[in-house]
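Here is the file coords_8.tsv (TSV, C-alpha atoms).
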chain	number	residue	atom	x	y	z
J	1	MET	CA	-7.31	-10.61	-87.75
J	2	SER	CA	-6.65	-7.05	-86.71
J	3	LEU	CA	-3.94	-4.48	-87.23
J	4	HIS	CA	-2.12	-3.44	-84.06
J	5	LEU	CA	-0.67	0.06	-84.19
J	6	TYR	CA	2.60	0.39	-82.25
J	7	GLY	CA	3.62	3.91	-83.04
J	8	LEU	CA	3.95	6.70	-85.57
J	9	ALA	CA	7.07	8.19	-87.09
J	10	ARG	CA	7.99	10.48	-89.93
J	11	THR	CA	7.95	8.90	-93.39
J	12	GLY	CA	11.48	7.81	-94.25
J	13	SER	CA	12.51	7.23	-90.63
J	14	PRO	CA	14.98	4.37	-90.20
J	15	ILE	CA	12.90	1.53	-88.74
J	16	PRO	CA	15.08	-1.44	-87.76
J	17	PRO	CA	14.46	-4.37	-90.11
J	18	ASP	CA	13.21	-7.77	-88.92
J	19	LEU	CA	11.40	-6.54	-85.82
J	20	THR	CA	8.79	-8.87	-84.43
J	21	GLY	CA	5.88	-7.83	-82.26
J	22	LEU	CA	2.81	-9.38	-80.67
J	23	GLY	CA	2.40	-13.05	-81.46
J	24	GLY	CA	5.92	-13.12	-82.94
J	25	ASN	CA	4.53	-11.46	-86.07
J	26	LYS	CA	6.70	-9.32	-88.30
J	27	ILE	CA	6.49	-5.56	-87.90
J	28	LEU	CA	5.24	-3.72	-90.98
J	29	THR	CA	5.17	-0.07	-91.96
J	30	GLU	CA	2.44	1.82	-93.76
J	31	THR	CA	2.96	5.34	-95.00
J	32	HIS	CA	0.17	7.88	-95.04
J	33	GLY	CA	1.52	11.11	-96.50
J	34	ALA	CA	4.28	12.31	-94.21
J	35	ILE	CA	3.35	9.81	-91.49
J	36	LEU	CA	4.71	6.33	-91.15
J	37	ALA	CA	2.62	3.89	-89.14
J	38	VAL	CA	4.37	0.97	-87.43
J	39	VAL	CA	1.93	-1.92	-87.34
J	40	GLY	CA	1.67	-5.66	-86.90
J	41	VAL	CA	-0.99	-8.25	-87.52
J	42	VAL	CA	-2.67	-9.85	-84.51
J	43	ARG	CA	-5.23	-12.63	-84.30
J	44	GLY	CA	-8.72	-11.83	-83.21
J	45	PRO	CA	-10.59	-8.61	-82.43
J	46	VAL	CA	-8.85	-7.80	-79.12
J	47	VAL	CA	-5.36	-8.12	-77.65
J	48	GLU	CA	-4.76	-9.66	-74.26
J	49	THR	CA	-2.70	-7.85	-71.68
J	50	THR	CA	-0.36	-10.74	-71.10
J	51	ARG	CA	3.20	-10.30	-69.99
J	52	ASP	CA	4.48	-11.40	-73.42
J	53	ASN	CA	2.18	-9.04	-75.31
J	54	LEU	CA	2.97	-6.03	-73.15
J	55	LEU	CA	6.70	-6.66	-73.41
J	56	ALA	CA	6.48	-7.20	-77.17
J	57	HIS	CA	4.78	-3.82	-77.56
J	58	ALA	CA	7.41	-2.12	-75.39
J	59	ARG	CA	10.32	-3.84	-77.14
J	60	VAL	CA	9.21	-2.82	-80.65
J	61	LEU	CA	8.88	0.82	-79.59
J	62	GLU	CA	12.16	0.83	-77.69
J	63	ALA	CA	13.99	-0.69	-80.65
J	64	ILE	CA	12.69	2.11	-82.88
J	65	ALA	CA	13.25	4.85	-80.28
J	66	ALA	CA	16.87	3.74	-80.02
J	67	SER	CA	17.58	5.42	-83.35
J	68	THR	CA	14.68	7.62	-84.39
J	69	THR	CA	11.75	9.67	-83.10
J	70	VAL	CA	8.56	7.69	-82.63
J	71	LEU	CA	5.23	8.62	-81.06
J	72	PRO	CA	4.31	5.59	-78.95
J	73	MET	CA	0.72	4.37	-78.99
J	74	GLN	CA	-0.89	3.03	-75.88
J	75	PHE	CA	-1.10	-0.75	-75.87
J	76	GLY	CA	-4.12	-2.09	-77.72
J	77	VAL	CA	-4.92	0.33	-80.53
J	78	LEU	CA	-6.44	-1.99	-83.12
J	79	PHE	CA	-7.99	-1.58	-86.54
J	80	ASP	CA	-9.93	-4.11	-88.55
J	81	GLU	CA	-8.20	-3.12	-91.76
J	82	THR	CA	-5.63	-0.76	-93.21
J	83	GLU	CA	-8.30	1.45	-94.76
J	84	GLN	CA	-9.82	2.13	-91.36
J	85	MET	CA	-6.45	3.20	-89.97
J	86	ARG	CA	-5.79	5.37	-93.01
J	87	LYS	CA	-8.99	7.31	-92.35
J	88	VAL	CA	-8.06	7.95	-88.74
J	89	LEU	CA	-4.53	9.03	-89.62
J	90	GLU	CA	-5.84	11.34	-92.32
J	91	THR	CA	-8.18	12.96	-89.84
J	92	SER	CA	-5.33	13.49	-87.39
J	93	HIS	CA	-2.59	14.17	-89.94
J	94	ASP	CA	-1.90	17.80	-88.99
J	95	ARG	CA	-2.02	17.20	-85.29
J	96	LEU	CA	0.30	14.22	-85.62
J	97	MET	CA	2.79	16.21	-87.67
J	98	LYS	CA	2.79	18.88	-84.98
J	99	LEU	CA	3.43	16.23	-82.34
J	100	LEU	CA	6.22	14.69	-84.40
J	101	ASP	CA	7.81	18.14	-84.79
J	102	ARG	CA	7.51	18.76	-81.08
J	103	PHE	CA	9.18	15.48	-80.11
J	104	GLU	CA	11.75	15.41	-82.92
J	105	GLY	CA	15.11	14.30	-81.55
J	106	THR	CA	13.82	13.60	-78.03
J	107	VAL	CA	13.56	10.51	-75.87
J	108	GLU	CA	12.03	9.75	-72.49
J	109	MET	CA	14.03	8.47	-69.53
J	110	LEU	CA	12.76	7.30	-66.15
J	111	VAL	CA	14.67	7.75	-62.95
J	112	LYS	CA	13.46	5.71	-60.01
J	113	ALA	CA	14.87	5.84	-56.51
J	114	PHE	CA	14.24	3.37	-53.71
J	115	TYR	CA	15.27	3.43	-50.08
J	116	LEU	CA	16.87	0.40	-48.53
J	117	GLU	CA	14.56	-0.09	-45.57
J	118	GLU	CA	17.10	-0.99	-42.94
J	119	LEU	CA	19.41	1.91	-43.75
J	120	VAL	CA	16.76	4.58	-44.15
J	121	TYR	CA	15.10	3.65	-40.84
J	122	LYS	CA	18.47	3.85	-39.14
J	123	ASP	CA	18.99	7.35	-40.53
J	124	VAL	CA	15.52	8.34	-39.40
J	125	VAL	CA	16.19	7.15	-35.85
J	126	ARG	CA	19.59	8.83	-35.69
J	127	ASP	CA	18.43	12.14	-37.10
J	128	ASN	CA	15.38	12.50	-34.85
J	129	PRO	CA	16.03	12.57	-31.08
J	130	GLU	CA	12.33	12.24	-30.25
J	131	ILE	CA	12.06	9.10	-32.39
J	132	ALA	CA	15.18	7.67	-30.76
J	133	ARG	CA	13.79	8.41	-27.29
J	134	LEU	CA	10.38	6.83	-28.00
J	135	ARG	CA	12.10	3.87	-29.58
J	136	GLU	CA	14.16	3.22	-26.47
J	137	ARG	CA	11.12	3.60	-24.28
J	138	THR	CA	8.85	1.29	-26.28
J	139	ARG	CA	11.58	-1.31	-26.61
J	140	SER	CA	12.17	-1.49	-22.89
J	141	LEU	CA	8.54	-1.81	-21.78
J	142	PRO	CA	5.91	-4.48	-22.46
J	143	GLU	CA	3.77	-3.83	-25.57
J	144	ASP	CA	0.60	-3.31	-23.53
J	145	ALA	CA	2.19	-0.44	-21.66
J	146	THR	CA	3.34	1.41	-24.75
J	147	TYR	CA	0.36	1.40	-27.12
J	148	TYR	CA	0.05	5.18	-27.39
J	149	ASP	CA	3.79	5.69	-27.43
J	150	ARG	CA	4.08	3.26	-30.32
J	151	ILE	CA	1.38	5.08	-32.25
J	152	ARG	CA	3.18	8.35	-31.65
J	153	LEU	CA	6.49	6.76	-32.66
J	154	GLY	CA	5.04	5.41	-35.90
J	155	GLU	CA	3.47	8.76	-36.67
J	156	LEU	CA	6.82	10.48	-36.21
J	157	VAL	CA	8.60	7.87	-38.34
J	158	GLN	CA	6.10	8.30	-41.13
J	159	SER	CA	6.39	12.06	-41.17
J	160	ALA	CA	10.19	11.88	-40.95
J	161	LEU	CA	10.16	9.55	-43.97
J	162	GLU	CA	7.89	11.91	-45.86
J	163	GLU	CA	10.11	14.84	-45.09
J	164	LEU	CA	13.17	12.91	-46.20
J	165	ARG	CA	11.42	11.82	-49.38
J	166	GLY	CA	10.41	15.39	-50.14
J	167	ARG	CA	14.00	16.56	-49.77
J	168	ASP	CA	15.51	13.69	-51.77
J	169	GLN	CA	12.93	13.96	-54.51
J	170	ALA	CA	13.59	17.68	-54.88
J	171	ALA	CA	17.36	17.10	-54.93
J	172	ILE	CA	17.06	14.45	-57.65
J	173	LYS	CA	14.74	16.64	-59.69
J	174	ASP	CA	17.00	19.66	-59.35
J	175	ALA	CA	20.01	17.65	-60.50
J	176	LEU	CA	18.17	16.32	-63.57
J	177	SER	CA	16.32	19.49	-64.59
J	178	PRO	CA	19.27	21.15	-66.39
J	179	HIS	CA	19.44	18.15	-68.75
J	180	SER	CA	15.71	17.98	-69.42
J	181	ILE	CA	13.28	19.64	-71.79
J	182	ASP	CA	10.41	18.60	-69.55
J	183	ILE	CA	10.32	16.78	-66.25
J	184	ARG	CA	7.48	15.14	-64.36
J	185	GLU	CA	7.25	13.64	-60.91
J	186	GLU	CA	5.08	10.57	-60.69
J	187	GLN	CA	3.51	9.46	-57.43
J	188	PRO	CA	5.81	7.05	-55.57
J	189	ALA	CA	4.06	3.68	-55.41
J	190	THR	CA	5.41	2.42	-52.09
J	191	ALA	CA	6.61	3.76	-48.76
J	192	MET	CA	10.15	2.83	-49.75
J	193	MET	CA	10.07	4.58	-53.11
J	194	ALA	CA	12.00	7.82	-52.87
J	195	ALA	CA	11.30	9.21	-56.33
J	196	HIS	CA	9.77	8.34	-59.66
J	197	ILE	CA	10.65	10.93	-62.28
J	198	ALA	CA	9.98	10.99	-66.03
J	199	LEU	CA	12.28	13.12	-68.17
J	200	LEU	CA	11.93	14.32	-71.73
J	201	ILE	CA	15.43	14.93	-73.04
J	202	GLU	CA	17.34	15.51	-76.26
J	203	ARG	CA	18.79	12.25	-77.49
J	204	ASP	CA	22.32	13.55	-77.01
J	205	ALA	CA	21.63	14.22	-73.31
J	206	ILE	CA	21.30	10.50	-72.45
J	207	THR	CA	24.88	10.31	-71.21
J	208	SER	CA	24.48	13.46	-69.13
J	209	VAL	CA	21.47	11.91	-67.43
J	210	THR	CA	23.21	8.62	-66.65
J	211	GLU	CA	26.27	10.49	-65.39
J	212	THR	CA	24.11	12.72	-63.21
J	213	VAL	CA	22.46	9.64	-61.70
J	214	GLU	CA	25.90	8.14	-61.14
J	215	GLY	CA	26.82	11.27	-59.19
J	216	MET	CA	23.65	10.93	-57.11
J	217	ARG	CA	24.57	7.35	-56.23
J	218	GLU	CA	27.73	8.65	-54.64
J	219	ARG	CA	25.91	11.51	-52.97
J	220	PHE	CA	23.13	9.43	-51.43
J	221	GLY	CA	25.28	6.43	-50.63
J	222	PRO	CA	23.98	2.97	-49.83
J	223	ARG	CA	20.67	4.11	-48.33
J	224	MET	CA	19.27	4.74	-51.81
J	225	LYS	CA	19.12	2.55	-54.89
J	226	LEU	CA	18.78	4.47	-58.14
J	227	LYS	CA	17.58	3.08	-61.41
J	228	VAL	CA	17.61	4.63	-64.88
J	229	VAL	CA	15.32	3.30	-67.60
J	230	GLY	CA	15.63	4.39	-71.20
J	231	PRO	CA	15.92	5.66	-73.81
J	232	LEU	CA	12.18	5.13	-74.25
J	233	PRO	CA	9.77	6.74	-76.70
J	234	PRO	CA	7.98	9.70	-75.06
J	235	TYR	CA	5.09	7.73	-73.50
J	236	THR	CA	4.53	10.20	-70.69
J	237	PHE	CA	4.92	13.41	-72.65
J	238	ALA	CA	3.11	12.44	-75.84
J	239	ALA	CA	0.19	10.91	-73.92
J	240	GLY	CA	-3.15	12.03	-75.25
J	241	SER	CA	-6.12	11.12	-77.34
J	242	LEU	CA	-6.44	11.61	-81.08
J	243	PRO	CA	-9.73	12.90	-82.34
J	244	VAL	CA	-11.76	10.47	-84.41
J	245	LYS	CA	-14.07	11.94	-86.99
J	246	ALA	CA	-16.95	9.69	-87.85
J	247	ALA	CA	-17.28	9.36	-91.61
H	1	MET	CA	16.33	-1.13	-76.83
H	2	ALA	CA	16.09	0.65	-73.52
H	3	MET	CA	18.59	-0.35	-70.94
H	4	VAL	CA	18.33	-0.24	-67.23
H	5	ALA	CA	21.31	0.70	-65.20
H	6	SER	CA	20.72	-0.19	-61.62
H	7	SER	CA	22.90	0.00	-58.59
H	8	GLY	CA	22.81	0.49	-54.90
H	9	GLY	CA	26.47	0.93	-54.37
H	10	MET	CA	27.62	-1.83	-56.68
H	11	ARG	CA	27.69	-1.39	-60.40
H	12	THR	CA	25.54	-3.66	-62.46
H	13	GLY	CA	25.57	-3.86	-66.21
H	14	PRO	CA	22.71	-2.63	-68.36
H	15	ALA	CA	19.78	-4.97	-68.85
H	16	PRO	CA	16.61	-4.65	-70.94
H	17	SER	CA	13.83	-2.68	-69.24
H	18	GLY	CA	11.59	-4.93	-67.24
H	19	LEU	CA	7.84	-5.21	-67.45
H	20	ALA	CA	7.48	-3.37	-64.15
H	21	ASP	CA	9.29	-0.40	-65.67
H	22	VAL	CA	7.06	-0.02	-68.67
H	23	VAL	CA	3.70	-1.58	-67.85
H	24	GLN	CA	2.26	1.61	-66.43
H	25	LEU	CA	3.54	3.59	-69.40
H	26	ILE	CA	2.09	1.40	-72.10
H	27	LEU	CA	-1.26	0.88	-70.40
H	28	ASP	CA	-1.83	4.42	-69.11
H	29	LYS	CA	0.34	6.71	-71.21
H	30	GLY	CA	1.15	6.93	-74.89
H	31	LEU	CA	-1.10	8.12	-77.67
H	32	VAL	CA	-4.55	6.67	-77.86
H	33	ILE	CA	-7.39	6.62	-80.32
H	34	ASP	CA	-10.12	5.88	-77.82
H	35	ALA	CA	-12.62	4.21	-80.06
H	36	PHE	CA	-9.96	1.84	-81.34
H	37	VAL	CA	-8.52	0.64	-78.08
H	38	ARG	CA	-9.54	-2.95	-77.67
H	39	VAL	CA	-7.81	-4.65	-74.81
H	40	SER	CA	-8.84	-7.81	-73.10
H	41	VAL	CA	-7.50	-8.30	-69.61
H	42	ILE	CA	-7.19	-12.05	-69.86
H	43	GLY	CA	-3.99	-13.26	-68.26
H	44	ILE	CA	-3.53	-10.09	-66.29
H	45	GLU	CA	-3.04	-12.01	-63.06
H	46	LEU	CA	0.50	-12.64	-64.24
H	47	ILE	CA	1.34	-9.05	-63.52
H	48	THR	CA	0.94	-7.33	-60.23
H	49	ILE	CA	1.90	-3.81	-59.51
H	50	ASP	CA	2.43	-2.30	-56.15
H	51	ALA	CA	-0.46	-0.21	-55.05
H	52	ARG	CA	0.78	0.12	-51.54
H	53	ILE	CA	-0.24	3.52	-50.47
H	54	VAL	CA	0.61	4.35	-46.94
H	55	VAL	CA	-2.39	5.87	-45.29
H	56	ALA	CA	-2.52	7.58	-41.97
H	57	SER	CA	-3.98	4.97	-39.69
H	58	VAL	CA	-3.18	3.47	-36.31
H	59	ASP	CA	-2.19	0.24	-38.04
H	60	THR	CA	0.27	2.04	-40.28
H	61	TYR	CA	1.78	3.85	-37.33
H	62	LEU	CA	2.15	0.64	-35.35
H	63	ARG	CA	3.89	-1.01	-38.28
H	64	PHE	CA	6.34	1.87	-38.63
H	65	ALA	CA	6.99	1.70	-34.90
H	66	GLU	CA	7.62	-2.02	-35.12
H	67	ALA	CA	10.02	-1.51	-38.01
H	68	VAL	CA	12.22	0.94	-36.13
H	69	ASN	CA	12.00	-1.04	-32.91
H	70	ARG	CA	13.42	-4.11	-34.59
H	71	LEU	CA	16.46	-2.25	-35.89
H	72	ASP	CA	19.81	-3.19	-34.56
H	73	LEU	CA	21.59	0.10	-34.07
H	74	THR	CA	24.77	-1.30	-32.64
H	75	GLU	CA	26.81	-1.05	-35.84
H	76	ALA	CA	28.31	2.21	-36.97
H	77	ARG	CA	26.35	4.31	-39.42
H	78	SER	CA	28.70	3.77	-42.29
H	79	GLY	CA	29.31	0.16	-41.38
H	80	ALA	CA	26.35	-1.40	-43.14
H	81	THR	CA	26.83	-2.26	-46.75
H	82	ILE	CA	24.50	-3.72	-49.30
H	83	GLN	CA	26.41	-6.96	-48.95
H	84	ASP	CA	25.74	-6.99	-45.21
H	85	LEU	CA	22.08	-6.45	-45.82
H	86	GLN	CA	21.87	-9.24	-48.30
H	87	LYS	CA	23.81	-11.62	-46.11
H	88	GLY	CA	21.95	-10.82	-42.95
H	89	GLY	CA	18.52	-10.80	-44.47
H	90	ALA	CA	18.08	-7.64	-42.50
H	91	LYS	CA	15.48	-6.35	-44.87
H	92	GLU	CA	12.99	-8.78	-43.42
H	93	LYS	CA	13.07	-6.99	-40.12
H	94	ALA	CA	11.69	-3.77	-41.42
H	95	LYS	CA	9.27	-5.24	-43.88
H	96	GLY	CA	6.20	-4.90	-41.75
H	97	ALA	CA	5.97	-1.20	-42.25
H	98	ILE	CA	5.18	-1.31	-45.88
H	99	GLU	CA	3.06	-4.37	-46.05
H	100	GLY	CA	-0.06	-3.57	-47.92
H	101	ALA	CA	-2.48	-4.67	-50.49
H	102	LYS	CA	-1.13	-5.73	-53.83
H	103	ASP	CA	-3.59	-5.03	-56.53
H	104	THR	CA	-3.52	-6.81	-59.77
H	105	ILE	CA	-3.72	-4.67	-62.82
H	106	GLY	CA	-7.00	-6.34	-63.45
H	107	ASP	CA	-8.32	-4.51	-60.41
H	108	LYS	CA	-6.85	-1.25	-61.56
H	109	LEU	CA	-8.37	-1.43	-64.96
H	110	PRO	CA	-12.02	-0.62	-64.85
H	111	GLY	CA	-12.62	-3.64	-67.04
H	112	ASN	CA	-14.10	-1.39	-69.65
H	113	ARG	CA	-11.02	-1.01	-71.78
H	114	GLU	CA	-12.68	-3.35	-74.13
H	115	LYS	CA	-14.50	-0.88	-76.23
H	116	GLU	CA	-16.61	-1.27	-79.24
H	117	GLU	CA	-14.99	0.26	-82.24
H	118	GLN	CA	-16.88	2.92	-84.06
H	119	LYS	CA	-17.43	2.45	-87.71
H	120	ALA	CA	-15.25	5.02	-89.35
Let's see the structure in the file written out as structure tokens.
Amino acid sequence: MSLHLYGLARTGSPIPPDLTGLGGNKILTETHGAILAVVGVVRGPVVETTRDNLLAHARVLEAIAASTTVLPMQFGVLFDETEQMRKVLETSHDRLMKLLDRFEGTVEMLVKAFYLEELVYKDVVRDNPEIARLRERTRSLPEDATYYDRIRLGELVQSALEELRGRDQAAIKDALSPHSIDIREEQPATAMMAAHIALLIERDAITSVTETVEGMRERFGPRMKLKVVGPLPPYTFAAGSLPVKAA
Amino acid sequence: MAMVASSGGMRTGPAPSGLADVVQLILDKGLVIDAFVRVSVIGIELITIDARIVVASVDTYLRFAEAVNRLDLTEARSGATIQDLQKGGAKEKAKGAIEGAKDTIGDKLPGNREKEEQKA
């Protein structure tokens, strides 16, 4: 048996009752001075990164973040016993209180944007005469005769996509910045991902963010699919390592 | 609970955040107490994340070229709707350009997340 630490909040924070976490086990709280630790019991000395476990971790933190400030732990922070956790939290008490102060009243939101392949390629062809010309040429001749033209065409398409992504990403970021305390661009994971942006916002700015994204849907039209995730605890902005002092 | 509002022209209702939305966050971000992170990657094959990074290579260029060459440009610019795309399966046509390796998270993790705890 181990103790899995989900997150840390201020003592007295309203933690929703009857939450269950990894393994369907009840979520418990332990207070250490001004810090409240949200924990759950798990079997064994390690936790497996299964779909169910990862989602359980995320769900517990999201349920808490829906109503109060919580510092989210990375998945898999385990202690053998409460006493061990107490020592670590005591060591980090001041730093944790500073972090809790810093993130008080904030939540994280993610905004992800994806291009619809067919539509974005059409725009690329229509907006770039050289691409349109090479496309016509390579379509009308046998493949063997157009090898170098096709390479050139692909090169132009890729750079046109990158240029478009750069512009769209900047436009999305600019629209969201006024509502954000902090904003971070993550690396798009695929060629069709237009933007992946993490926002730290005041809790009362959630509606402003969703409305802003709604406006962007109209602005970008059907070529882009936009997705808003949140409110989440500040995973991206509170990321870091706590010092451990050996006793 | 976090909700996802997603739309590409049509409105869809909020739904709980999916694993793909949070997996990177809870495995790579968040607060960590290094010595006490003990994760086993058993079962990780259930989750794959896209690690499709488009690199500058002849192959990549040829795939982009193929994608635009397969487009049907006969319809008007504003004529295509999401519904058309879904009906026509048009997405398939352009797929080649972003084909790439899918890494499992197991590959991404160095396999050393399983750390011995220090005696406090």
Between CA of Phe64 in chain H and CA of Ala20 in chain H, measure the distance and give it in Å to one decimal.
26.1 Å
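Here the question is which of H:Gly30, H:Gly18, H:Val23, H:Val37 gets nearest to Thr236 in chain J using all atoms listed in the file, and that residue is H:Gly30.
Every protein, DNA or RNA residue with an atom at most 10 Å from Gly76 in chain J, where all atoms listed in the file count and chain neighbours fewer than 4 positions away do not, is listed here: Leu3, His4, Leu5, Tyr6, Val46, Val47, Glu48, Thr49, Asn53, Leu54 and His57 of chain J; Ile26, Leu27, Val32, Ile33, Asp34, Phe36, Val37, Arg38, Val39, Ser40, Arg113 and Glu114 of chain H.
For Ser208 in chain J, the residues within 12 Å (counting all atoms listed in the file, excluding itself and residues fewer than 4 positions away along the chain) are J:Met109, J:Ala175, J:Leu176, J:Ser177, J:Pro178, J:His179, J:Ser180, J:Ile201, J:Glu202, J:Arg203, J:Asp204, J:Thr212, J:Val213, J:Glu214, J:Gly215, J:Val228.
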note - CA of Glu186 in chain J and CA of Pro233 in chain J are separated by 17.1 Å
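In this model, the gap between CA of Thr74 in chain H and CA of Val58 in chain H comes to 28.6 Å.
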Give me the residues near range 115-132 of chain J as a PyMOL selection string, where near means some atom within 6 Å (using all atoms listed in the file) and where sequence neighbours in that chain fewer than 3 positions away do not count.
(chain J and resi 135+192+223-224) or (chain H and resi 91)
Which polymer residues, protein or nucleic acid, are no farther than 12 Å from (4.2, -2.0, -82.9), counting all atoms listed in the file, as number ranges by chain?
J: 3-9, 15-16, 19-30, 36-42, 53-65, 70-78; H: 26
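Of the listed residues (J:Ser2, J:Arg133, J:Leu141, J:Tyr147), J:Ser2 comes nearest to Glu81 in chain J; the distances count only C-alpha atoms.
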Selection: 10 Å around Leu89 in chain J, all atoms listed in the file, excl. self and same-chain fewer than 2 positions, as number ranges by chain
J: 8, 31-33, 35-37, 83-87, 91-96, 242-244
Any chance you could export the current selection's C-alpha atoms as a compact mmCIF listing (two decimals), keeping the file's coordinate frame?
# COMPACT_ATOMS: atom_id res chain seq x y z
CA LEU J 8 3.95 6.70 -85.57
CA THR J 31 2.96 5.34 -95.00
CA HIS J 32 0.17 7.88 -95.04
CA GLY J 33 1.52 11.11 -96.50
CA ILE J 35 3.35 9.81 -91.49
CA LEU J 36 4.71 6.33 -91.15
CA ALA J 37 2.62 3.89 -89.14
CA GLU J 83 -8.30 1.45 -94.76
CA GLN J 84 -9.82 2.13 -91.36
CA MET J 85 -6.45 3.20 -89.97
CA ARG J 86 -5.79 5.37 -93.01
CA LYS J 87 -8.99 7.31 -92.35
CA THR J 91 -8.18 12.96 -89.84
CA SER J 92 -5.33 13.49 -87.39
CA HIS J 93 -2.59 14.17 -89.94
CA ASP J 94 -1.90 17.80 -88.99
CA ARG J 95 -2.02 17.20 -85.29
CA LEU J 96 0.30 14.22 -85.62
CA LEU J 242 -6.44 11.61 -81.08
CA PRO J 243 -9.73 12.90 -82.34
CA VAL J 244 -11.76 10.47 -84.41
Can I get range 62-80 of chain J with N, CA and C atoms filled in, as a PDB file, in the frame of the given file?
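Done, and the output landed in selection.pdb:
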ATOM      1  N   GLU J  62      10.821   0.489 -78.179  1.00  0.00           N
ATOM      2  CA  GLU J  62      12.160   0.830 -77.690  1.00  0.00           C
ATOM      3  C   GLU J  62      13.214   0.626 -78.785  1.00  0.00           C
ATOM      4  N   ALA J  63      13.036  -0.429 -79.572  1.00  0.00           N
ATOM      5  CA  ALA J  63      13.990  -0.690 -80.650  1.00  0.00           C
ATOM      6  C   ALA J  63      13.971   0.462 -81.661  1.00  0.00           C
ATOM      7  N   ILE J  64      12.787   1.000 -81.934  1.00  0.00           N
ATOM      8  CA  ILE J  64      12.690   2.110 -82.880  1.00  0.00           C
ATOM      9  C   ILE J  64      13.225   3.400 -82.244  1.00  0.00           C
ATOM     10  N   ALA J  65      12.839   3.622 -80.977  1.00  0.00           N
ATOM     11  CA  ALA J  65      13.250   4.850 -80.280  1.00  0.00           C
ATOM     12  C   ALA J  65      14.758   4.905 -80.085  1.00  0.00           C
ATOM     13  N   ALA J  66      15.421   3.753 -80.183  1.00  0.00           N
ATOM     14  CA  ALA J  66      16.870   3.740 -80.020  1.00  0.00           C
ATOM     15  C   ALA J  66      17.555   4.563 -81.108  1.00  0.00           C
ATOM     16  N   SER J  67      16.903   4.683 -82.276  1.00  0.00           N
ATOM     17  CA  SER J  67      17.580   5.420 -83.350  1.00  0.00           C
ATOM     18  C   SER J  67      16.768   6.538 -83.978  1.00  0.00           C
ATOM     19  N   THR J  68      15.451   6.561 -83.741  1.00  0.00           N
ATOM     20  CA  THR J  68      14.680   7.620 -84.390  1.00  0.00           C
ATOM     21  C   THR J  68      13.480   8.029 -83.531  1.00  0.00           C
ATOM     22  N   THR J  69      12.884   9.165 -83.881  1.00  0.00           N
ATOM     23  CA  THR J  69      11.750   9.670 -83.100  1.00  0.00           C
ATOM     24  C   THR J  69      10.483   8.908 -83.441  1.00  0.00           C
ATOM     25  N   VAL J  70       9.813   8.412 -82.402  1.00  0.00           N
ATOM     26  CA  VAL J  70       8.560   7.690 -82.630  1.00  0.00           C
ATOM     27  C   VAL J  70       7.548   8.098 -81.561  1.00  0.00           C
ATOM     28  N   LEU J  71       6.308   8.341 -82.014  1.00  0.00           N
ATOM     29  CA  LEU J  71       5.230   8.620 -81.060  1.00  0.00           C
ATOM     30  C   LEU J  71       4.652   7.273 -80.643  1.00  0.00           C
ATOM     31  N   PRO J  72       4.760   6.918 -79.365  1.00  0.00           N
ATOM     32  CA  PRO J  72       4.310   5.590 -78.950  1.00  0.00           C
ATOM     33  C   PRO J  72       2.793   5.569 -78.734  1.00  0.00           C
ATOM     34  N   MET J  73       2.151   4.541 -79.256  1.00  0.00           N
ATOM     35  CA  MET J  73       0.720   4.370 -78.990  1.00  0.00           C
ATOM     36  C   MET J  73       0.569   3.607 -77.689  1.00  0.00           C
ATOM     37  N   GLN J  74      -0.544   3.844 -77.026  1.00  0.00           N
ATOM     38  CA  GLN J  74      -0.890   3.030 -75.880  1.00  0.00           C
ATOM     39  C   GLN J  74      -1.108   1.594 -76.378  1.00  0.00           C
ATOM     40  N   PHE J  75      -0.897   0.648 -75.501  1.00  0.00           N
ATOM     41  CA  PHE J  75      -1.100  -0.750 -75.870  1.00  0.00           C
ATOM     42  C   PHE J  75      -2.562  -0.996 -76.251  1.00  0.00           C
ATOM     43  N   GLY J  76      -2.769  -1.652 -77.378  1.00  0.00           N
ATOM     44  CA  GLY J  76      -4.120  -2.090 -77.720  1.00  0.00           C
ATOM     45  C   GLY J  76      -4.885  -1.265 -78.727  1.00  0.00           C
ATOM     46  N   VAL J  77      -4.204  -0.425 -79.497  1.00  0.00           N
ATOM     47  CA  VAL J  77      -4.920   0.330 -80.530  1.00  0.00           C
ATOM     48  C   VAL J  77      -5.009  -0.549 -81.786  1.00  0.00           C
ATOM     49  N   LEU J  78      -6.228  -1.003 -82.058  1.00  0.00           N
ATOM     50  CA  LEU J  78      -6.440  -1.990 -83.120  1.00  0.00           C
ATOM     51  C   LEU J  78      -7.405  -1.506 -84.189  1.00  0.00           C
ATOM     52  N   PHE J  79      -7.099  -1.881 -85.419  1.00  0.00           N
ATOM     53  CA  PHE J  79      -7.990  -1.580 -86.540  1.00  0.00           C
ATOM     54  C   PHE J  79      -8.344  -2.886 -87.239  1.00  0.00           C
ATOM     55  N   ASP J  80      -9.531  -2.904 -87.836  1.00  0.00           N
ATOM     56  CA  ASP J  80      -9.930  -4.110 -88.550  1.00  0.00           C
ATOM     57  C   ASP J  80      -9.192  -4.233 -89.881  1.00  0.00           C
TER      58      ASP J  80
END
